[in-house]
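A quick write-up on the structure given underneath.
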Amino acid sequence: MITLAALSVAYADGRRALDDLDLSIAPGERVALIGPSGAGKTTLLRVIGASLRPTAGQLQLDGVDPWALGSGPLQALRARIGKMHQAPPIPPRQRVITAVLAGRLGQWPLWRAVASLVYPLDIAGTRAVLEPLGLAERLFDRCDQLSGGQLQRVALARLFYQKPEIVLADEPVSALDPALARSVAVALNEDAKRRDVTLIASLHAVDLALSEFSRVIGLREGRIVFDRPAAQVLTADIDALYAGASHAAAHDTPDQHVPSAKPRLTRCA
Amino acid sequence: MQPVTPRVMPRRGLMLTALVLAAVAASVWRLDLIAAFAEGQDSLGELLGFLQRFAAPDTSPAFLAKVGQGAIETLAISLIGTLLAVIGGVALALPASGRLGRLGQLASRFILNLLRSVPELVWATLTVLAAGLGPFAGTLALALHTTGVLGRLYAEALENAPPAPEAALRGAGSGAAAAFLYGTLPAVAPQWVAYGLYRWEMNIRMAAILGFVGAGGLGAQLYYALSLFHEAQAATLIVAMLVLSLAVDALSGWLRRRLVVA
């Protein structure tokens, strides 16, 4: 269970990225976050992922406040949360197998991480997650030999290999073509359903949010505009959410957490 | 707009030429080179005779075996010295890139500057005093100076590496060391290896020279041979140095192409 109580995140200049949010997400829910750029979607995902400390209010993951934990338990908690990014943060020269194995670094002792750099320790396990994504034959290729779409699927394989209890995906499909975007969104949802884990993804593609996810939250200027089961979201909700905030104008507002609004997938990092 | 045509020929080139000629003339006059040549009519013959004795290198099997030993020693000095410097360079580059706080950064940068600003030959005279004559002193001298050079280059590579991959692994619960190994090392490793190999090429030549101050290897043998006017043996040693240096250049160049470009 993920619970946010009166939670706010303020920038140094006093502007609020998240403004007094109350929200709870039950295990197994598949939530799509939608809203114009700069609405606070990335900030919200970083807060839930225990990467960004809220300036006010409280976050609880299964009844535990991550920021009350010491660094050891906090690290162990983060190892149970999987994250996906718009630009896969994978070094270009890394082999696909190493990039996937890195998903378990939070669970492995250091000696195992070092040994696996010398010779990959779980070739069968890596192949098993790459196979359904159609990348099994690229196992030993270097990541800079892959296309942007293939690289995002390697990031997906890393996430599946980690087997996290909460999956947080920040614009995972924004840089992909529509067909590939749908297949990645479907794969994320299938994995969450099969393993009965929580999935929260921010999306620009409203159609994917409505067709693939179980719950949709509309976010604007750091506040929740609507929060409904996907089947009950009305066209009027969507229109109100994006009204006046054209994409071009929204991209001009500085967003401190998204490194670049443009896809940077030609290179790995 | 009309191009501006100068009304007089620019005189800068003329003045520069005159200045250079004047400097050359002044130097020749100051060093008494003309007088030295006039006096040295017969010493020129002596010089040629001296060079002639180098034309027939000593190729007796006993001496060649000794040269082989010296070459292996020089190779070992350069290899171990560079390897120690790679280890020391990495150990100092991590704090010097600011990973362990401001204090660690200042301290390690100071150490790197100190190591780098003292040349190998000066380090060698110090290590020979401290550790005695022989290859150990040479190895230590090379390692100390090269650590300073590599540490700075390695730290710069670290500072320029993209931070996102390591940050993402930390966010997924990875420890600091593992996140560095999987997130940042792949980005800097090719540069680190290339710098290390390049310094090895330089160190094989330096290892040959360090023998002159008593730090072992081919240099020490060359110093003895020259001191005792054994020109034939000196010639063999110079050829051996040349061959060793060319071989290491070729090997290192091949390795760099394979490891870094591929």
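To be explicit about the labels: the chains of the structure tokens are called A, B, and onward in the order shown, and within each one the residues are counted from 1, while ligands get numbers from 1 in the order they are shown.
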
Tell me, counting only C-alpha atoms, for each residue of region 123-224 of chain B within 8 Å of region 59-72 of chain B, which pair of atoms is nearest and how far apart they are in Å to one decimal, in rows ordered by chain and increasing number, as a Markdown table.
```
| residue | atom | partner | partner_atom | distance |
| --- | --- | --- | --- | --- |
| B:Gly216 | CA | B:Gly70 | CA | 8.0 |
| B:Gly217 | CA | B:Gly70 | CA | 4.7 |
| B:Leu218 | CA | B:Gly70 | CA | 4.7 |
| B:Gln221 | CA | B:Gly70 | CA | 7.4 |
```

Go ahead and write the residues just picked, N, CA, C and O atoms, as a PDB file, in the first residue's frame.
```pdb
ATOM      1  N   GLY B 216      68.795   0.485 -12.287  1.00  0.00           N
ATOM      2  CA  GLY B 216      68.704  -0.833 -12.917  1.00  0.00           C
ATOM      3  C   GLY B 216      68.374  -0.823 -14.390  1.00  0.00           C
ATOM      4  O   GLY B 216      68.189   0.225 -15.013  1.00  0.00           O
ATOM      5  N   GLY B 217      68.343  -2.033 -15.001  1.00  0.00           N
ATOM      6  CA  GLY B 217      67.911  -2.196 -16.382  1.00  0.00           C
ATOM      7  C   GLY B 217      68.990  -1.868 -17.409  1.00  0.00           C
ATOM      8  O   GLY B 217      70.185  -1.764 -17.099  1.00  0.00           O
ATOM      9  N   LEU B 218      68.561  -1.723 -18.679  1.00  0.00           N
ATOM     10  CA  LEU B 218      69.485  -1.442 -19.791  1.00  0.00           C
ATOM     11  C   LEU B 218      70.263  -0.149 -19.557  1.00  0.00           C
ATOM     12  O   LEU B 218      71.441  -0.048 -19.928  1.00  0.00           O
ATOM     13  N   GLN B 221      73.423  -0.640 -17.589  1.00  0.00           N
ATOM     14  CA  GLN B 221      74.469  -1.290 -18.398  1.00  0.00           C
ATOM     15  C   GLN B 221      75.082  -0.299 -19.379  1.00  0.00           C
ATOM     16  O   GLN B 221      76.307  -0.283 -19.579  1.00  0.00           O
TER      17      GLN B 221
END
```

List as a Markdown table every residue of chain A that is in contact with chain B, defined as an atom at most 7 Å from one of its atoms (using only C-alpha atoms), together with the nearest atom pair and the distance in Å rounded to one decimal, sorted by chain and then rising number.
```
| residue | atom | partner | partner_atom | distance |
| --- | --- | --- | --- | --- |
| A:Ser51 | CA | B:Gly171 | CA | 6.2 |
| A:Gln75 | CA | B:Gly173 | CA | 4.6 |
| A:Ala76 | CA | B:Gly173 | CA | 5.9 |
| A:Arg78 | CA | B:Gly173 | CA | 4.4 |
| A:Ala79 | CA | B:Gly173 | CA | 4.0 |
| A:Ile81 | CA | B:Ala172 | CA | 6.3 |
| A:Gly82 | CA | B:Ala172 | CA | 6.2 |
| A:Lys83 | CA | B:Ala172 | CA | 6.9 |
| A:Pro89 | CA | B:Pro165 | CA | 4.4 |
| A:Ile90 | CA | B:Pro165 | CA | 5.5 |
| A:Pro91 | CA | B:Ala187 | CA | 6.2 |
| A:Arg93 | CA | B:Pro186 | CA | 6.2 |
| A:Gln94 | CA | B:Pro186 | CA | 6.1 |
| A:Ala102 | CA | B:Tyr182 | CA | 6.7 |
| A:Leu105 | CA | B:Ser174 | CA | 5.0 |
| A:Gly106 | CA | B:Ser174 | CA | 4.0 |
| A:Leu110 | CA | B:Ala178 | CA | 6.3 |
| A:Ala113 | CA | B:Ala178 | CA | 6.3 |
| A:Ala269 | CA | B:Pro165 | CA | 6.9 |
```

Those residues with all heavy atoms, as a tab-separated table (two decimals), in the first residue's frame please?
```tsv
chain	number	residue	atom	x	y	z
A	51	SER	N	13.22	8.49	-3.91
A	51	SER	CA	14.42	9.14	-4.42
A	51	SER	C	14.44	10.62	-4.05
A	51	SER	O	15.49	11.23	-3.98
A	51	SER	CB	14.49	9.03	-5.95
A	51	SER	OG	14.61	7.69	-6.33
A	75	GLN	N	18.10	1.62	1.47
A	75	GLN	CA	18.65	0.99	0.27
A	75	GLN	C	17.91	-0.32	-0.03
A	75	GLN	O	17.59	-0.61	-1.18
A	75	GLN	CB	20.14	0.74	0.50
A	75	GLN	CG	20.92	0.45	-0.76
A	75	GLN	CD	22.38	0.19	-0.44
A	75	GLN	OE1	22.99	0.91	0.35
A	75	GLN	NE2	22.95	-0.84	-1.02
A	76	ALA	N	17.63	-1.10	1.03
A	76	ALA	CA	16.91	-2.36	0.84
A	76	ALA	C	15.50	-2.11	0.33
A	76	ALA	O	14.99	-2.86	-0.50
A	76	ALA	CB	16.86	-3.12	2.18
A	78	ARG	N	14.56	0.51	-1.52
A	78	ARG	CA	14.66	0.93	-2.93
A	78	ARG	C	14.87	-0.27	-3.85
A	78	ARG	O	14.43	-0.26	-5.00
A	78	ARG	CB	15.83	1.89	-3.10
A	78	ARG	CG	15.51	3.29	-2.62
A	78	ARG	CD	16.69	4.21	-2.85
A	78	ARG	NE	16.44	5.56	-2.37
A	78	ARG	CZ	17.39	6.35	-1.91
A	78	ARG	NH1	18.64	5.93	-1.85
A	78	ARG	NH2	17.10	7.57	-1.51
A	79	ALA	N	15.53	-1.31	-3.33
A	79	ALA	CA	15.77	-2.49	-4.15
A	79	ALA	C	14.45	-3.20	-4.49
A	79	ALA	O	14.39	-3.99	-5.43
A	79	ALA	CB	16.72	-3.45	-3.43
A	81	ILE	N	11.77	-1.53	-5.36
A	81	ILE	CA	11.05	-0.64	-6.27
A	81	ILE	C	11.80	-0.60	-7.61
A	81	ILE	O	12.99	-0.33	-7.64
A	81	ILE	CB	10.98	0.79	-5.69
A	81	ILE	CG1	10.37	0.76	-4.29
A	81	ILE	CG2	10.17	1.70	-6.61
A	81	ILE	CD1	10.45	2.09	-3.57
A	82	GLY	N	11.08	-0.91	-8.70
A	82	GLY	CA	11.70	-0.86	-10.01
A	82	GLY	C	11.35	0.44	-10.71
A	82	GLY	O	10.25	0.94	-10.57
A	83	LYS	N	12.33	1.00	-11.46
A	83	LYS	CA	12.08	2.28	-12.12
A	83	LYS	C	12.43	2.20	-13.59
A	83	LYS	O	13.40	1.56	-13.98
A	83	LYS	CB	12.91	3.38	-11.46
A	83	LYS	CG	12.35	3.75	-10.10
A	83	LYS	CD	13.40	4.31	-9.17
A	83	LYS	CE	12.82	4.38	-7.76
A	83	LYS	NZ	13.83	4.53	-6.73
A	89	PRO	N	18.83	4.70	-18.85
A	89	PRO	CA	20.13	5.09	-18.31
A	89	PRO	C	21.10	3.91	-18.33
A	89	PRO	O	21.46	3.38	-17.29
A	89	PRO	CB	19.80	5.53	-16.88
A	89	PRO	CG	18.59	4.72	-16.52
A	89	PRO	CD	17.87	4.38	-17.79
A	90	ILE	N	21.52	3.52	-19.53
A	90	ILE	CA	22.40	2.36	-19.68
A	90	ILE	C	23.66	2.84	-20.40
A	90	ILE	O	23.56	3.49	-21.44
A	90	ILE	CB	21.70	1.25	-20.49
A	90	ILE	CG1	20.48	0.73	-19.71
A	90	ILE	CG2	22.66	0.12	-20.80
A	90	ILE	CD1	19.62	-0.21	-20.50
A	91	PRO	N	24.86	2.53	-19.88
A	91	PRO	CA	26.08	2.97	-20.55
A	91	PRO	C	26.17	2.36	-21.95
A	91	PRO	O	25.92	1.16	-22.11
A	91	PRO	CB	27.20	2.44	-19.66
A	91	PRO	CG	26.56	2.16	-18.34
A	91	PRO	CD	25.14	1.81	-18.64
A	93	ARG	N	28.51	1.35	-23.87
A	93	ARG	CA	29.45	0.28	-24.17
A	93	ARG	C	29.14	-0.99	-23.40
A	93	ARG	O	29.84	-1.99	-23.55
A	93	ARG	CB	30.87	0.75	-23.86
A	93	ARG	CG	31.25	2.00	-24.61
A	93	ARG	CD	32.64	2.44	-24.23
A	93	ARG	NE	33.60	1.42	-24.54
A	93	ARG	CZ	34.34	1.41	-25.63
A	93	ARG	NH1	34.24	2.37	-26.50
A	93	ARG	NH2	35.20	0.44	-25.85
A	94	GLN	N	28.10	-0.95	-22.54
A	94	GLN	CA	27.79	-2.12	-21.74
A	94	GLN	C	27.12	-3.18	-22.61
A	94	GLN	O	26.37	-2.87	-23.52
A	94	GLN	CB	26.84	-1.70	-20.62
A	94	GLN	CG	26.77	-2.68	-19.47
A	94	GLN	CD	26.23	-1.99	-18.22
A	94	GLN	OE1	25.19	-1.35	-18.26
A	94	GLN	NE2	26.94	-2.12	-17.12
A	102	ALA	N	22.28	-5.88	-14.06
A	102	ALA	CA	22.37	-4.75	-13.13
A	102	ALA	C	21.06	-4.54	-12.37
A	102	ALA	O	21.06	-3.89	-11.33
A	102	ALA	CB	22.75	-3.48	-13.88
A	105	LEU	N	21.36	-5.63	-8.71
A	105	LEU	CA	22.48	-5.15	-7.88
A	105	LEU	C	22.04	-4.86	-6.46
A	105	LEU	O	22.80	-5.02	-5.51
A	105	LEU	CB	23.10	-3.89	-8.50
A	105	LEU	CG	23.96	-4.11	-9.74
A	105	LEU	CD1	24.51	-2.80	-10.24
A	105	LEU	CD2	25.10	-5.07	-9.44
A	106	GLY	N	20.76	-4.40	-6.31
A	106	GLY	CA	20.27	-4.09	-4.98
A	106	GLY	C	20.08	-5.33	-4.12
A	106	GLY	O	20.00	-5.23	-2.90
A	110	LEU	N	28.22	-7.44	-2.86
A	110	LEU	CA	29.20	-6.82	-3.76
A	110	LEU	C	30.06	-7.85	-4.48
A	110	LEU	O	30.34	-7.71	-5.68
A	110	LEU	CB	30.08	-5.85	-2.97
A	110	LEU	CG	31.10	-5.08	-3.80
A	110	LEU	CD1	30.44	-4.27	-4.88
A	110	LEU	CD2	31.94	-4.17	-2.91
A	113	ALA	N	28.38	-8.98	-7.56
A	113	ALA	CA	28.38	-7.96	-8.61
A	113	ALA	C	29.73	-7.93	-9.33
A	113	ALA	O	29.79	-7.84	-10.56
A	113	ALA	CB	28.07	-6.59	-8.00
A	269	ALA	N	22.81	6.86	-23.04
A	269	ALA	CA	22.65	7.54	-21.76
A	269	ALA	C	22.19	8.97	-21.94
A	269	ALA	O	22.31	9.55	-22.96
A	269	ALA	CB	23.96	7.54	-21.01
```

Identify, on the basis of only C-alpha atoms, every residue whose closest approach to Ala93 (chain B) does not exceed 7 Å; exclude the query and any residue fewer than 6 positions from it along the same chain; express the result as a compact mmCIF listing (two decimals) with C-alpha atoms, in the first residue's frame.
```
# COMPACT_ATOMS: atom_id res chain seq x y z
CA GLY B 151 45.35 10.20 -11.43
CA ARG B 152 44.62 13.62 -12.90
CA TYR B 154 41.42 9.55 -14.66
CA ALA B 155 39.70 12.13 -12.44
```

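Within 8 Å of Ala141 (chain B), once only C-alpha atoms are used and residues closer than 3 positions along the same chain are dropped, the contacting residues are B:Gly81, B:Glu120, B:Leu121, B:Trp123, B:Ala124, B:Thr127, B:Ala137, B:Gly138, B:Leu144, B:His145.
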
Please identify which residues in region 5-204 of chain A DSSP calls strand (DSSP E) from the backbone, and express them as an mmCIF file with C-alpha atoms, in the first residue's frame.
```
data_model
loop_
_atom_site.group_PDB
_atom_site.id
_atom_site.type_symbol
_atom_site.label_atom_id
_atom_site.label_comp_id
_atom_site.auth_asym_id
_atom_site.auth_seq_id
_atom_site.Cartn_x
_atom_site.Cartn_y
_atom_site.Cartn_z
ATOM 1 C CA ALA A 5 -0.777 12.374 3.307
ATOM 2 C CA ALA A 6 -0.815 16.180 2.821
ATOM 3 C CA LEU A 7 2.370 15.769 0.822
ATOM 4 C CA SER A 8 4.100 18.730 -0.824
ATOM 5 C CA VAL A 9 7.361 19.248 -2.685
ATOM 6 C CA ALA A 10 8.562 22.829 -3.009
ATOM 7 C CA ARG A 16 5.335 23.933 -5.532
ATOM 8 C CA ALA A 17 5.888 20.897 -7.747
ATOM 9 C CA LEU A 18 3.405 18.917 -5.647
ATOM 10 C CA ASP A 19 0.809 20.747 -3.606
ATOM 11 C CA ASP A 20 -0.794 19.089 -0.579
ATOM 12 C CA LEU A 21 -1.515 15.690 -2.144
ATOM 13 C CA ASP A 22 -3.576 12.969 -0.478
ATOM 14 C CA LEU A 23 -3.469 9.688 -2.331
ATOM 15 C CA SER A 24 -3.488 5.973 -1.652
ATOM 16 C CA ILE A 25 -2.732 3.185 -4.090
ATOM 17 C CA ARG A 30 -2.147 -0.243 -12.347
ATOM 18 C CA VAL A 31 -2.205 3.547 -12.326
ATOM 19 C CA ALA A 32 -1.600 5.905 -15.240
ATOM 20 C CA LEU A 33 -0.541 9.471 -14.410
ATOM 21 C CA ILE A 34 -1.530 11.943 -17.096
ATOM 22 C CA ALA A 56 6.043 18.602 3.798
ATOM 23 C CA GLY A 57 3.592 15.793 4.585
ATOM 24 C CA GLN A 58 4.275 12.097 4.671
ATOM 25 C CA LEU A 59 4.825 9.148 2.362
ATOM 26 C CA GLN A 60 4.254 5.608 3.595
ATOM 27 C CA LEU A 61 5.137 2.436 1.736
ATOM 28 C CA ILE A 81 11.053 -0.637 -6.274
ATOM 29 C CA GLY A 82 11.705 -0.860 -10.014
ATOM 30 C CA LYS A 83 12.075 2.278 -12.123
ATOM 31 C CA MET A 84 11.909 2.949 -15.805
ATOM 32 C CA ILE A 166 6.347 -1.598 -7.108
ATOM 33 C CA VAL A 167 7.038 -0.522 -10.707
ATOM 34 C CA LEU A 168 7.406 3.210 -11.394
ATOM 35 C CA ALA A 169 7.740 4.187 -15.043
ATOM 36 C CA ASP A 170 8.425 7.807 -15.995
ATOM 37 C CA THR A 198 1.654 -2.213 -8.279
ATOM 38 C CA LEU A 199 2.386 -0.278 -11.476
ATOM 39 C CA ILE A 200 2.434 3.514 -11.740
ATOM 40 C CA ALA A 201 3.355 5.068 -15.081
ATOM 41 C CA SER A 202 3.303 8.630 -16.337
#
```
